[in-house]
>>> print(open('coords.csv').read())   # CSV, C-alpha atoms
chain,number,residue,atom,x,y,z
W,15,MET,CA,0.0,0.0,0.0
W,16,LEU,CA,1.2,3.5,-0.8
W,17,GLU,CA,0.4,6.7,1.1
W,18,PRO,CA,0.9,9.8,-1.1
W,19,ARG,CA,2.1,13.0,0.4
W,20,VAL,CA,-1.0,15.3,0.4
W,21,PHE,CA,-0.8,19.1,0.4
W,22,ALA,CA,-4.0,20.4,1.8
W,23,ASP,CA,-5.2,23.9,2.7
W,24,GLU,CA,-8.4,25.9,2.8
W,25,ARG,CA,-8.7,25.6,-1.0
W,26,GLY,CA,-8.6,21.8,-1.1
W,27,PHE,CA,-5.7,19.5,-1.7
W,28,LEU,CA,-3.1,18.4,-4.3
W,29,PHE,CA,-1.0,15.3,-4.4
W,30,GLU,CA,1.0,13.4,-7.0
W,31,SER,CA,-1.1,10.3,-7.9
W,32,TYR,CA,1.8,9.0,-10.0
W,33,ASN,CA,5.5,9.8,-10.2
W,34,ALA,CA,7.5,7.2,-12.2
W,35,ASP,CA,10.8,7.9,-10.4
W,36,ARG,CA,9.3,7.7,-6.9
W,37,TYR,CA,7.3,4.6,-7.7
W,38,ALA,CA,10.3,2.8,-9.4
W,39,ARG,CA,12.3,3.4,-6.1
W,40,ALA,CA,9.4,1.6,-4.4
W,41,GLY,CA,9.7,-1.4,-6.8
W,42,ILE,CA,6.7,-0.5,-9.0
W,43,PRO,CA,7.3,-1.0,-12.7
W,44,PRO,CA,7.7,2.3,-14.5
W,45,VAL,CA,5.7,1.4,-17.6
W,46,PHE,CA,1.9,1.4,-17.6
W,47,VAL,CA,0.1,1.1,-20.9
W,48,GLN,CA,-3.6,1.4,-19.9
W,49,ASP,CA,-5.7,3.3,-17.4
W,50,ASN,CA,-9.2,2.1,-16.4
W,51,HIS,CA,-12.0,3.8,-14.6
W,52,SER,CA,-14.7,1.8,-12.9
W,53,CYS,CA,-17.9,2.9,-11.1
W,54,SER,CA,-19.7,0.5,-8.8
W,55,LEU,CA,-22.7,0.6,-6.5
W,56,ARG,CA,-22.6,-0.3,-2.8
W,57,ASN,CA,-22.1,-4.1,-2.2
W,58,THR,CA,-20.8,-4.8,-5.8
W,59,ILE,CA,-17.9,-7.1,-5.9
W,60,ARG,CA,-15.8,-7.1,-9.0
W,61,GLY,CA,-13.3,-10.0,-9.2
W,62,LEU,CA,-11.3,-11.9,-8.4
W,63,HIS,CA,-9.7,-11.4,-11.9
W,64,TYR,CA,-6.4,-12.0,-13.6
W,65,GLN,CA,-4.9,-12.5,-17.1
W,66,LEU,CA,-2.7,-15.6,-17.7
W,67,ARG,CA,-1.0,-15.0,-21.1
W,68,ARG,CA,-0.8,-11.2,-20.7
W,69,PRO,CA,-0.5,-10.7,-16.9
W,70,GLN,CA,-1.2,-7.2,-15.6
W,71,ALA,CA,0.2,-5.5,-12.6
W,72,LYS,CA,-2.1,-2.8,-11.4
W,73,LEU,CA,-1.8,0.5,-9.4
W,74,LEU,CA,-5.2,1.3,-7.9
W,75,ARG,CA,-6.8,4.3,-6.2
W,76,VAL,CA,-10.3,5.4,-5.4
W,77,ILE,CA,-11.4,8.9,-6.6
W,78,SER,CA,-14.9,8.8,-5.2
W,79,GLY,CA,-16.3,6.7,-2.3
W,80,SER,CA,-14.6,3.7,-0.8
W,81,VAL,CA,-13.8,0.0,-1.5
W,82,LEU,CA,-12.2,-3.0,0.2
W,83,ASP,CA,-9.5,-3.8,-2.4
W,84,VAL,CA,-8.2,-7.4,-2.4
W,85,ALA,CA,-5.2,-9.1,-3.9
W,86,VAL,CA,-4.7,-12.9,-3.8
W,87,ASP,CA,-1.4,-14.6,-4.6
W,88,ILE,CA,-2.4,-17.3,-7.2
W,89,ARG,CA,1.1,-18.1,-8.4
W,90,ARG,CA,1.6,-21.9,-8.4
W,91,GLY,CA,4.7,-22.7,-6.3
W,92,SER,CA,4.7,-19.4,-4.4
W,93,PRO,CA,5.3,-19.6,-0.6
W,94,THR,CA,2.3,-17.3,-0.2
W,95,PHE,CA,0.0,-19.2,-2.6
W,96,GLY,CA,-3.7,-18.5,-1.7
W,97,HIS,CA,-2.9,-15.7,0.8
W,98,TRP,CA,-4.8,-12.5,0.4
W,99,LEU,CA,-4.5,-8.9,1.4
W,100,GLY,CA,-7.4,-6.5,1.8
W,101,VAL,CA,-7.0,-2.7,2.1
W,102,GLU,CA,-9.5,0.1,2.4
W,103,LEU,CA,-9.0,2.5,-0.4
W,104,SER,CA,-11.1,5.7,-0.4
W,105,ALA,CA,-11.3,9.2,-1.8
W,106,GLU,CA,-10.7,10.4,1.7
W,107,ASN,CA,-7.6,8.4,2.6
W,108,LYS,CA,-6.1,8.7,-0.9
W,109,ARG,CA,-4.2,5.4,-0.4
W,110,GLN,CA,-3.1,3.4,-3.4
W,111,LEU,CA,-2.5,-0.3,-3.8
W,112,PHE,CA,0.0,-2.0,-6.1
W,113,VAL,CA,-1.1,-5.5,-7.2
W,114,PRO,CA,1.8,-7.4,-8.9
W,115,ALA,CA,1.3,-9.5,-12.0
W,116,GLY,CA,0.4,-13.1,-11.0
W,117,PHE,CA,-2.1,-12.0,-8.4
W,118,ALA,CA,-5.9,-12.1,-8.7
W,119,HIS,CA,-7.5,-8.8,-7.9
W,120,GLY,CA,-11.0,-7.7,-6.9
W,121,PHE,CA,-12.8,-5.1,-4.8
W,122,CYS,CA,-16.1,-4.5,-3.0
W,123,ALA,CA,-17.8,-1.1,-3.1
W,124,THR,CA,-18.4,0.0,0.5
W,125,SER,CA,-19.9,3.4,-0.2
W,126,ASP,CA,-23.1,4.2,-2.1
W,127,VAL,CA,-21.1,4.7,-5.2
W,128,ALA,CA,-17.3,4.0,-5.7
W,129,GLU,CA,-15.2,5.1,-8.5
W,130,VAL,CA,-11.8,3.3,-8.9
W,131,GLU,CA,-9.0,4.3,-11.3
W,132,TYR,CA,-6.2,2.0,-12.0
W,133,LYS,CA,-3.1,1.8,-14.2
W,134,CYS,CA,-2.2,-1.5,-15.9
W,135,THR,CA,1.2,-2.8,-17.1
W,136,ASP,CA,-0.4,-4.7,-20.0
W,137,TYR,CA,-3.5,-4.4,-22.1
W,138,TYR,CA,-6.8,-6.0,-21.3
W,139,VAL,CA,-7.5,-9.0,-23.5
W,140,ALA,CA,-11.0,-10.3,-23.2
W,141,ASP,CA,-10.3,-13.9,-24.0
W,142,ASP,CA,-7.4,-14.0,-21.6
W,143,GLN,CA,-9.4,-12.9,-18.5
W,144,ARG,CA,-9.6,-15.6,-15.8
W,145,GLY,CA,-10.9,-15.6,-12.3
W,146,VAL,CA,-11.1,-17.2,-8.9
W,147,LEU,CA,-14.4,-17.7,-7.1
W,148,TRP,CA,-15.0,-14.5,-5.0
W,149,ASN,CA,-16.0,-16.4,-1.8
W,150,ASP,CA,-13.6,-19.4,-2.1
W,151,PRO,CA,-13.5,-20.8,1.5
W,152,ARG,CA,-9.8,-21.9,1.0
W,153,ILE,CA,-8.8,-18.3,0.5
W,154,GLY,CA,-11.2,-16.9,3.1
W,155,VAL,CA,-11.4,-13.3,2.0
W,156,VAL,CA,-13.5,-11.4,4.6
W,157,TRP,CA,-15.8,-9.4,2.4
W,158,PRO,CA,-17.9,-6.7,4.0
W,159,VAL,CA,-21.1,-8.1,2.4
W,160,ARG,CA,-22.7,-11.5,2.4
W,161,GLU,CA,-25.0,-11.2,-0.6
W,162,PRO,CA,-23.0,-9.1,-3.1
W,163,ILE,CA,-24.0,-7.8,-6.5
W,164,LEU,CA,-22.0,-9.9,-8.9
W,165,SER,CA,-21.7,-10.4,-12.6
W,166,ASP,CA,-22.7,-13.9,-14.0
W,167,LYS,CA,-19.0,-14.4,-14.9
W,168,ASP,CA,-17.8,-13.6,-11.4
W,169,ARG,CA,-20.4,-15.9,-9.8
W,170,ALA,CA,-19.3,-18.8,-12.0
W,171,TYR,CA,-15.5,-18.8,-11.5
W,172,LEU,CA,-13.9,-21.9,-9.9
W,173,PRO,CA,-12.2,-22.1,-6.5
W,174,LEU,CA,-8.4,-21.8,-6.3
W,175,THR,CA,-6.8,-25.3,-6.4
W,176,LEU,CA,-3.3,-26.4,-7.4
W,177,ASP,CA,-4.7,-28.7,-10.1
W,178,ARG,CA,-6.0,-25.8,-12.2
W,179,ASP,CA,-4.1,-25.5,-15.4
W,180,ASP,CA,-4.8,-21.8,-15.8
W,181,LEU,CA,-2.7,-20.4,-13.0
W,182,PRO,CA,0.6,-18.4,-13.4
W,183,ALA,CA,3.8,-19.9,-12.1
W,184,TYR,CA,5.9,-18.4,-9.3
W,185,GLU,CA,9.3,-17.3,-10.3
W,186,ALA,CA,11.7,-16.8,-7.4
W,187,VAL,CA,13.9,-13.8,-7.5
W,188,PRO,CA,17.6,-14.7,-7.3
W,189,ALA,CA,19.3,-13.7,-4.1
>>> encode(input="coords.csv", output="structure tokens")
Amino acid sequence: MLEPRVFADERGFLFESYNADRYARAGIPPVFVQDNHSCSLRNTIRGLHYQLRRPQAKLLRVISGSVLDVAVDIRRGSPTFGHWLGVELSAENKRQLFVPAGFAHGFCATSDVAEVEYKCTDYYVADDQRGVLWNDPRIGVVWPVREPILSDKDRAYLPLTLDRDDLPAYEAVPA
């Protein structure tokens, strides 16, 4: 999670929502090729999504409202396979979340309306989109809603298991 430096006064605020040099020093890739803007109603869950052949790392922030943003390590062979992280992102807290390639990503709108903007390191390819079941008990994401608004596709995704042939591989970084 990233906390930008916010300059606020009686007029409002200003902050750098992206600075390639600063983010590169934090280990975030300097090249993003696509920006997305999503609007969701309260209790909508989008995800858990990923691309296999064209994996995307994402840098997310909320510009209106709030969400619980979730990343799940789905890399086969990873020491943290199946672990998840959830972070509240809101227009008020201005936090950002970086989700590395090889992780599934999703969020739940926790305000009446939530607008999320995110940068991606590769392009969206519709026939490459994959997913993991949003309420997979093996992962155990603690969502803030029991009966979410879901797309048919998100409702139909399979649980995360090692025998799936559509998961990315973990590549250890040499020491």
>>> closest_residue(input="coords.csv", among="W:Gly61, W:Gly120, W:Gly154, W:Pro18", to="W:Asn33", atoms="all atoms listed in the file")
W:Pro18
>>> closest_residue(input="coords.csv", among="W:Val127, W:Leu16, W:Leu55, W:Val155", to="W:Val84", atoms="only C-alpha atoms")
W:Val155
>>> residues_around(input="coords.csv", residues="W:Arg67", least_positions_apart="4", cutoff="12 Å", atoms="only C-alpha atoms", output="number ranges by chain")
W: 115-116, 136-144, 180-183
>>> residues_around(input="coords.csv", residues="W:His97", least_positions_apart="2", cutoff="8 Å", atoms="only C-alpha atoms", output="PyMOL selection string")
chain W and resi 86-87+94-95+99+153
>>> write_last_selection(input="coords.csv", atoms="C-alpha atoms", output="mmCIF file, keeping the file's coordinate frame")
data_model
loop_
_atom_site.group_PDB
_atom_site.id
_atom_site.type_symbol
_atom_site.label_atom_id
_atom_site.label_comp_id
_atom_site.auth_asym_id
_atom_site.auth_seq_id
_atom_site.Cartn_x
_atom_site.Cartn_y
_atom_site.Cartn_z
ATOM 1 C CA VAL W 86 -4.700 -12.900 -3.800
ATOM 2 C CA ASP W 87 -1.400 -14.600 -4.600
ATOM 3 C CA THR W 94 2.300 -17.300 -0.200
ATOM 4 C CA PHE W 95 0.000 -19.200 -2.600
ATOM 5 C CA LEU W 99 -4.500 -8.900 1.400
ATOM 6 C CA ILE W 153 -8.800 -18.300 0.500
#
>>> atom_distance(input="coords.csv", atom1="atom CA of W:Val47", atom2="atom CA of W:Val76")
19.2 Å
>>> atom_distance(input="coords.csv", atom1="atom CA of W:Thr124", atom2="atom CA of W:Leu147")
19.7 Å
>>> closest_residue(input="coords.csv", among="W:Arg169, W:Arg60, W:Arg90, W:Arg68", to="W:Val130", atoms="all atoms listed in the file")
W:Arg60
>>> residues_near_point(input="coords.csv", point="(-20.8, -8.3, -1.3)", cutoff="12 Å", atoms="all atoms listed in the file", output="VMD selection string")
chain W and resid 54 to 61 81 to 82 120 to 125 148 to 149 155 to 165 168 to 169
>>> write_last_selection(input="coords.csv", atoms="C-alpha atoms", output="PDB file, in the frame of the given file")
ATOM      1  CA  SER W  54     -19.700   0.500  -8.800  1.00  0.00           C
ATOM      2  CA  LEU W  55     -22.700   0.600  -6.500  1.00  0.00           C
ATOM      3  CA  ARG W  56     -22.600  -0.300  -2.800  1.00  0.00           C
ATOM      4  CA  ASN W  57     -22.100  -4.100  -2.200  1.00  0.00           C
ATOM      5  CA  THR W  58     -20.800  -4.800  -5.800  1.00  0.00           C
ATOM      6  CA  ILE W  59     -17.900  -7.100  -5.900  1.00  0.00           C
ATOM      7  CA  ARG W  60     -15.800  -7.100  -9.000  1.00  0.00           C
ATOM      8  CA  GLY W  61     -13.300 -10.000  -9.200  1.00  0.00           C
ATOM      9  CA  VAL W  81     -13.800   0.000  -1.500  1.00  0.00           C
ATOM     10  CA  LEU W  82     -12.200  -3.000   0.200  1.00  0.00           C
ATOM     11  CA  GLY W 120     -11.000  -7.700  -6.900  1.00  0.00           C
ATOM     12  CA  PHE W 121     -12.800  -5.100  -4.800  1.00  0.00           C
ATOM     13  CA  CYS W 122     -16.100  -4.500  -3.000  1.00  0.00           C
ATOM     14  CA  ALA W 123     -17.800  -1.100  -3.100  1.00  0.00           C
ATOM     15  CA  THR W 124     -18.400   0.000   0.500  1.00  0.00           C
ATOM     16  CA  SER W 125     -19.900   3.400  -0.200  1.00  0.00           C
ATOM     17  CA  TRP W 148     -15.000 -14.500  -5.000  1.00  0.00           C
ATOM     18  CA  ASN W 149     -16.000 -16.400  -1.800  1.00  0.00           C
ATOM     19  CA  VAL W 155     -11.400 -13.300   2.000  1.00  0.00           C
ATOM     20  CA  VAL W 156     -13.500 -11.400   4.600  1.00  0.00           C
ATOM     21  CA  TRP W 157     -15.800  -9.400   2.400  1.00  0.00           C
ATOM     22  CA  PRO W 158     -17.900  -6.700   4.000  1.00  0.00           C
ATOM     23  CA  VAL W 159     -21.100  -8.100   2.400  1.00  0.00           C
ATOM     24  CA  ARG W 160     -22.700 -11.500   2.400  1.00  0.00           C
ATOM     25  CA  GLU W 161     -25.000 -11.200  -0.600  1.00  0.00           C
ATOM     26  CA  PRO W 162     -23.000  -9.100  -3.100  1.00  0.00           C
ATOM     27  CA  ILE W 163     -24.000  -7.800  -6.500  1.00  0.00           C
ATOM     28  CA  LEU W 164     -22.000  -9.900  -8.900  1.00  0.00           C
ATOM     29  CA  SER W 165     -21.700 -10.400 -12.600  1.00  0.00           C
ATOM     30  CA  ASP W 168     -17.800 -13.600 -11.400  1.00  0.00           C
ATOM     31  CA  ARG W 169     -20.400 -15.900  -9.800  1.00  0.00           C
TER      32      ARG W 169
END
>>> closest_atom_pairs(input="coords.csv", of="stretch 114-176 of chain W", to="stretch 40-46 of chain W", cutoff="8 Å", atoms="only C-alpha atoms", output="tab-separated table")
residue	atom	partner	partner_atom	distance
W:Lys133	CA	W:Phe46	CA	6.1
W:Cys134	CA	W:Phe46	CA	5.3
W:Thr135	CA	W:Phe46	CA	4.3
W:Asp136	CA	W:Phe46	CA	6.9
>>> write_last_selection(input="coords.csv", atoms="C-alpha atoms", output="mmCIF file, in the frame of the given file")
data_model
loop_
_atom_site.group_PDB
_atom_site.id
_atom_site.type_symbol
_atom_site.label_atom_id
_atom_site.label_comp_id
_atom_site.auth_asym_id
_atom_site.auth_seq_id
_atom_site.Cartn_x
_atom_site.Cartn_y
_atom_site.Cartn_z
ATOM 1 C CA LYS W 133 -3.100 1.800 -14.200
ATOM 2 C CA CYS W 134 -2.200 -1.500 -15.900
ATOM 3 C CA THR W 135 1.200 -2.800 -17.100
ATOM 4 C CA ASP W 136 -0.400 -4.700 -20.000
#
>>> atom_distance(input="coords.csv", atom1="atom CA of W:Ser52", atom2="atom CA of W:Leu174")
25.3 Å
>>> closest_residue(input="coords.csv", among="W:Pro114, W:Pro188, W:Pro151, W:Pro173", to="W:Ala71", atoms="all atoms listed in the file")
W:Pro114
>>> closest_residue(input="coords.csv", among="W:Phe27, W:Phe21, W:Phe112, W:Trp98", to="W:Leu62", atoms="all atoms listed in the file")
W:Trp98
>>> residues_near_point(input="coords.csv", point="(12.4, -14.7, -8.1)", cutoff="12 Å", atoms="all atoms listed in the file", output="list in words")
Arg89, Gly91, Ser92, Pro93, Ala183, Tyr184, Glu185, Ala186, Val187, Pro188 and Ala189 of chain W
>>> closest_residue(input="coords.csv", among="W:Glu24, W:Asp83, W:Asp126, W:Asp150", to="W:Arg109", atoms="all atoms listed in the file")
W:Asp83
>>> decode(input="coords.csv", residues="stretch 74-104 of chain W", atoms="N, CA and C atoms", output="PDB file, in the first residue's frame")
ATOM      1  N   LEU W  74      -3.811   0.936  -8.113  1.00  0.00           N
ATOM      2  CA  LEU W  74      -5.206   1.333  -7.936  1.00  0.00           C
ATOM      3  C   LEU W  74      -5.366   2.463  -6.941  1.00  0.00           C
ATOM      4  N   ARG W  75      -6.402   3.276  -7.170  1.00  0.00           N
ATOM      5  CA  ARG W  75      -6.799   4.301  -6.216  1.00  0.00           C
ATOM      6  C   ARG W  75      -8.279   4.593  -6.407  1.00  0.00           C
ATOM      7  N   VAL W  76      -8.903   5.093  -5.363  1.00  0.00           N
ATOM      8  CA  VAL W  76     -10.318   5.445  -5.404  1.00  0.00           C
ATOM      9  C   VAL W  76     -10.421   6.958  -5.507  1.00  0.00           C
ATOM     10  N   ILE W  77     -11.241   7.424  -6.437  1.00  0.00           N
ATOM     11  CA  ILE W  77     -11.399   8.873  -6.599  1.00  0.00           C
ATOM     12  C   ILE W  77     -12.732   9.380  -6.053  1.00  0.00           C
ATOM     13  N   SER W  78     -13.646   8.429  -5.778  1.00  0.00           N
ATOM     14  CA  SER W  78     -14.926   8.800  -5.170  1.00  0.00           C
ATOM     15  C   SER W  78     -15.445   7.598  -4.393  1.00  0.00           C
ATOM     16  N   GLY W  79     -15.814   7.817  -3.124  1.00  0.00           N
ATOM     17  CA  GLY W  79     -16.337   6.730  -2.309  1.00  0.00           C
ATOM     18  C   GLY W  79     -15.240   5.897  -1.681  1.00  0.00           C
ATOM     19  N   SER W  80     -15.552   4.595  -1.454  1.00  0.00           N
ATOM     20  CA  SER W  80     -14.587   3.710  -0.801  1.00  0.00           C
ATOM     21  C   SER W  80     -14.820   2.265  -1.227  1.00  0.00           C
ATOM     22  N   VAL W  81     -13.735   1.469  -1.156  1.00  0.00           N
ATOM     23  CA  VAL W  81     -13.793   0.045  -1.478  1.00  0.00           C
ATOM     24  C   VAL W  81     -12.904  -0.727  -0.519  1.00  0.00           C
ATOM     25  N   LEU W  82     -13.202  -2.013  -0.387  1.00  0.00           N
ATOM     26  CA  LEU W  82     -12.233  -2.957   0.154  1.00  0.00           C
ATOM     27  C   LEU W  82     -11.570  -3.558  -1.067  1.00  0.00           C
ATOM     28  N   ASP W  83     -10.281  -3.290  -1.238  1.00  0.00           N
ATOM     29  CA  ASP W  83      -9.531  -3.778  -2.387  1.00  0.00           C
ATOM     30  C   ASP W  83      -8.738  -5.010  -1.968  1.00  0.00           C
ATOM     31  N   VAL W  84      -8.775  -6.063  -2.781  1.00  0.00           N
ATOM     32  CA  VAL W  84      -8.210  -7.355  -2.403  1.00  0.00           C
ATOM     33  C   VAL W  84      -7.272  -7.880  -3.490  1.00  0.00           C
ATOM     34  N   ALA W  85      -6.117  -8.383  -3.053  1.00  0.00           N
ATOM     35  CA  ALA W  85      -5.166  -9.070  -3.933  1.00  0.00           C
ATOM     36  C   ALA W  85      -4.921 -10.465  -3.354  1.00  0.00           C
ATOM     37  N   VAL W  86      -4.903 -11.478  -4.233  1.00  0.00           N
ATOM     38  CA  VAL W  86      -4.686 -12.867  -3.820  1.00  0.00           C
ATOM     39  C   VAL W  86      -3.527 -13.435  -4.637  1.00  0.00           C
ATOM     40  N   ASP W  87      -2.542 -14.011  -3.949  1.00  0.00           N
ATOM     41  CA  ASP W  87      -1.418 -14.650  -4.628  1.00  0.00           C
ATOM     42  C   ASP W  87      -1.893 -15.986  -5.195  1.00  0.00           C
ATOM     43  N   ILE W  88      -1.936 -16.089  -6.525  1.00  0.00           N
ATOM     44  CA  ILE W  88      -2.392 -17.317  -7.176  1.00  0.00           C
ATOM     45  C   ILE W  88      -1.268 -17.973  -7.979  1.00  0.00           C
ATOM     46  N   ARG W  89      -0.033 -17.600  -7.698  1.00  0.00           N
ATOM     47  CA  ARG W  89       1.116 -18.137  -8.438  1.00  0.00           C
ATOM     48  C   ARG W  89       1.449 -19.535  -7.915  1.00  0.00           C
ATOM     49  N   ARG W  90       1.295 -20.518  -8.785  1.00  0.00           N
ATOM     50  CA  ARG W  90       1.606 -21.900  -8.425  1.00  0.00           C
ATOM     51  C   ARG W  90       3.074 -21.987  -7.989  1.00  0.00           C
ATOM     52  N   GLY W  91       3.325 -22.541  -6.803  1.00  0.00           N
ATOM     53  CA  GLY W  91       4.678 -22.683  -6.268  1.00  0.00           C
ATOM     54  C   GLY W  91       5.109 -21.544  -5.357  1.00  0.00           C
ATOM     55  N   SER W  92       4.303 -20.514  -5.232  1.00  0.00           N
ATOM     56  CA  SER W  92       4.655 -19.388  -4.368  1.00  0.00           C
ATOM     57  C   SER W  92       4.521 -19.784  -2.906  1.00  0.00           C
ATOM     58  N   PRO W  93       5.445 -19.312  -2.048  1.00  0.00           N
ATOM     59  CA  PRO W  93       5.307 -19.596  -0.618  1.00  0.00           C
ATOM     60  C   PRO W  93       4.071 -18.940   0.000  1.00  0.00           C
ATOM     61  N   THR W  94       3.477 -17.961  -0.682  1.00  0.00           N
ATOM     62  CA  THR W  94       2.269 -17.316  -0.166  1.00  0.00           C
ATOM     63  C   THR W  94       1.047 -17.638  -1.034  1.00  0.00           C
ATOM     64  N   PHE W  95       1.082 -18.751  -1.740  1.00  0.00           N
ATOM     65  CA  PHE W  95      -0.035 -19.172  -2.587  1.00  0.00           C
ATOM     66  C   PHE W  95      -1.333 -19.202  -1.781  1.00  0.00           C
ATOM     67  N   GLY W  96      -2.361 -18.549  -2.312  1.00  0.00           N
ATOM     68  CA  GLY W  96      -3.668 -18.540  -1.664  1.00  0.00           C
ATOM     69  C   GLY W  96      -3.831 -17.505  -0.575  1.00  0.00           C
ATOM     70  N   HIS W  97      -2.763 -16.794  -0.217  1.00  0.00           N
ATOM     71  CA  HIS W  97      -2.873 -15.735   0.798  1.00  0.00           C
ATOM     72  C   HIS W  97      -3.465 -14.488   0.155  1.00  0.00           C
ATOM     73  N   TRP W  98      -4.185 -13.726   0.956  1.00  0.00           N
ATOM     74  CA  TRP W  98      -4.806 -12.511   0.447  1.00  0.00           C
ATOM     75  C   TRP W  98      -4.496 -11.322   1.341  1.00  0.00           C
ATOM     76  N   LEU W  99      -4.633 -10.152   0.748  1.00  0.00           N
ATOM     77  CA  LEU W  99      -4.463  -8.879   1.447  1.00  0.00           C
ATOM     78  C   LEU W  99      -5.655  -8.015   1.084  1.00  0.00           C
ATOM     79  N   GLY W 100      -6.252  -7.397   2.081  1.00  0.00           N
ATOM     80  CA  GLY W 100      -7.351  -6.474   1.841  1.00  0.00           C
ATOM     81  C   GLY W 100      -7.023  -5.115   2.427  1.00  0.00           C
ATOM     82  N   VAL W 101      -7.278  -4.067   1.659  1.00  0.00           N
ATOM     83  CA  VAL W 101      -6.957  -2.702   2.072  1.00  0.00           C
ATOM     84  C   VAL W 101      -8.144  -1.800   1.765  1.00  0.00           C
ATOM     85  N   GLU W 102      -8.481  -0.927   2.719  1.00  0.00           N
ATOM     86  CA  GLU W 102      -9.503   0.072   2.422  1.00  0.00           C
ATOM     87  C   GLU W 102      -8.866   1.192   1.609  1.00  0.00           C
ATOM     88  N   LEU W 103      -9.407   1.413   0.435  1.00  0.00           N
ATOM     89  CA  LEU W 103      -9.013   2.546  -0.396  1.00  0.00           C
ATOM     90  C   LEU W 103     -10.218   3.469  -0.469  1.00  0.00           C
ATOM     91  N   SER W 104      -9.979   4.758  -0.304  1.00  0.00           N
ATOM     92  CA  SER W 104     -11.088   5.707  -0.374  1.00  0.00           C
ATOM     93  C   SER W 104     -10.611   7.038  -0.940  1.00  0.00           C
TER      94      SER W 104
END
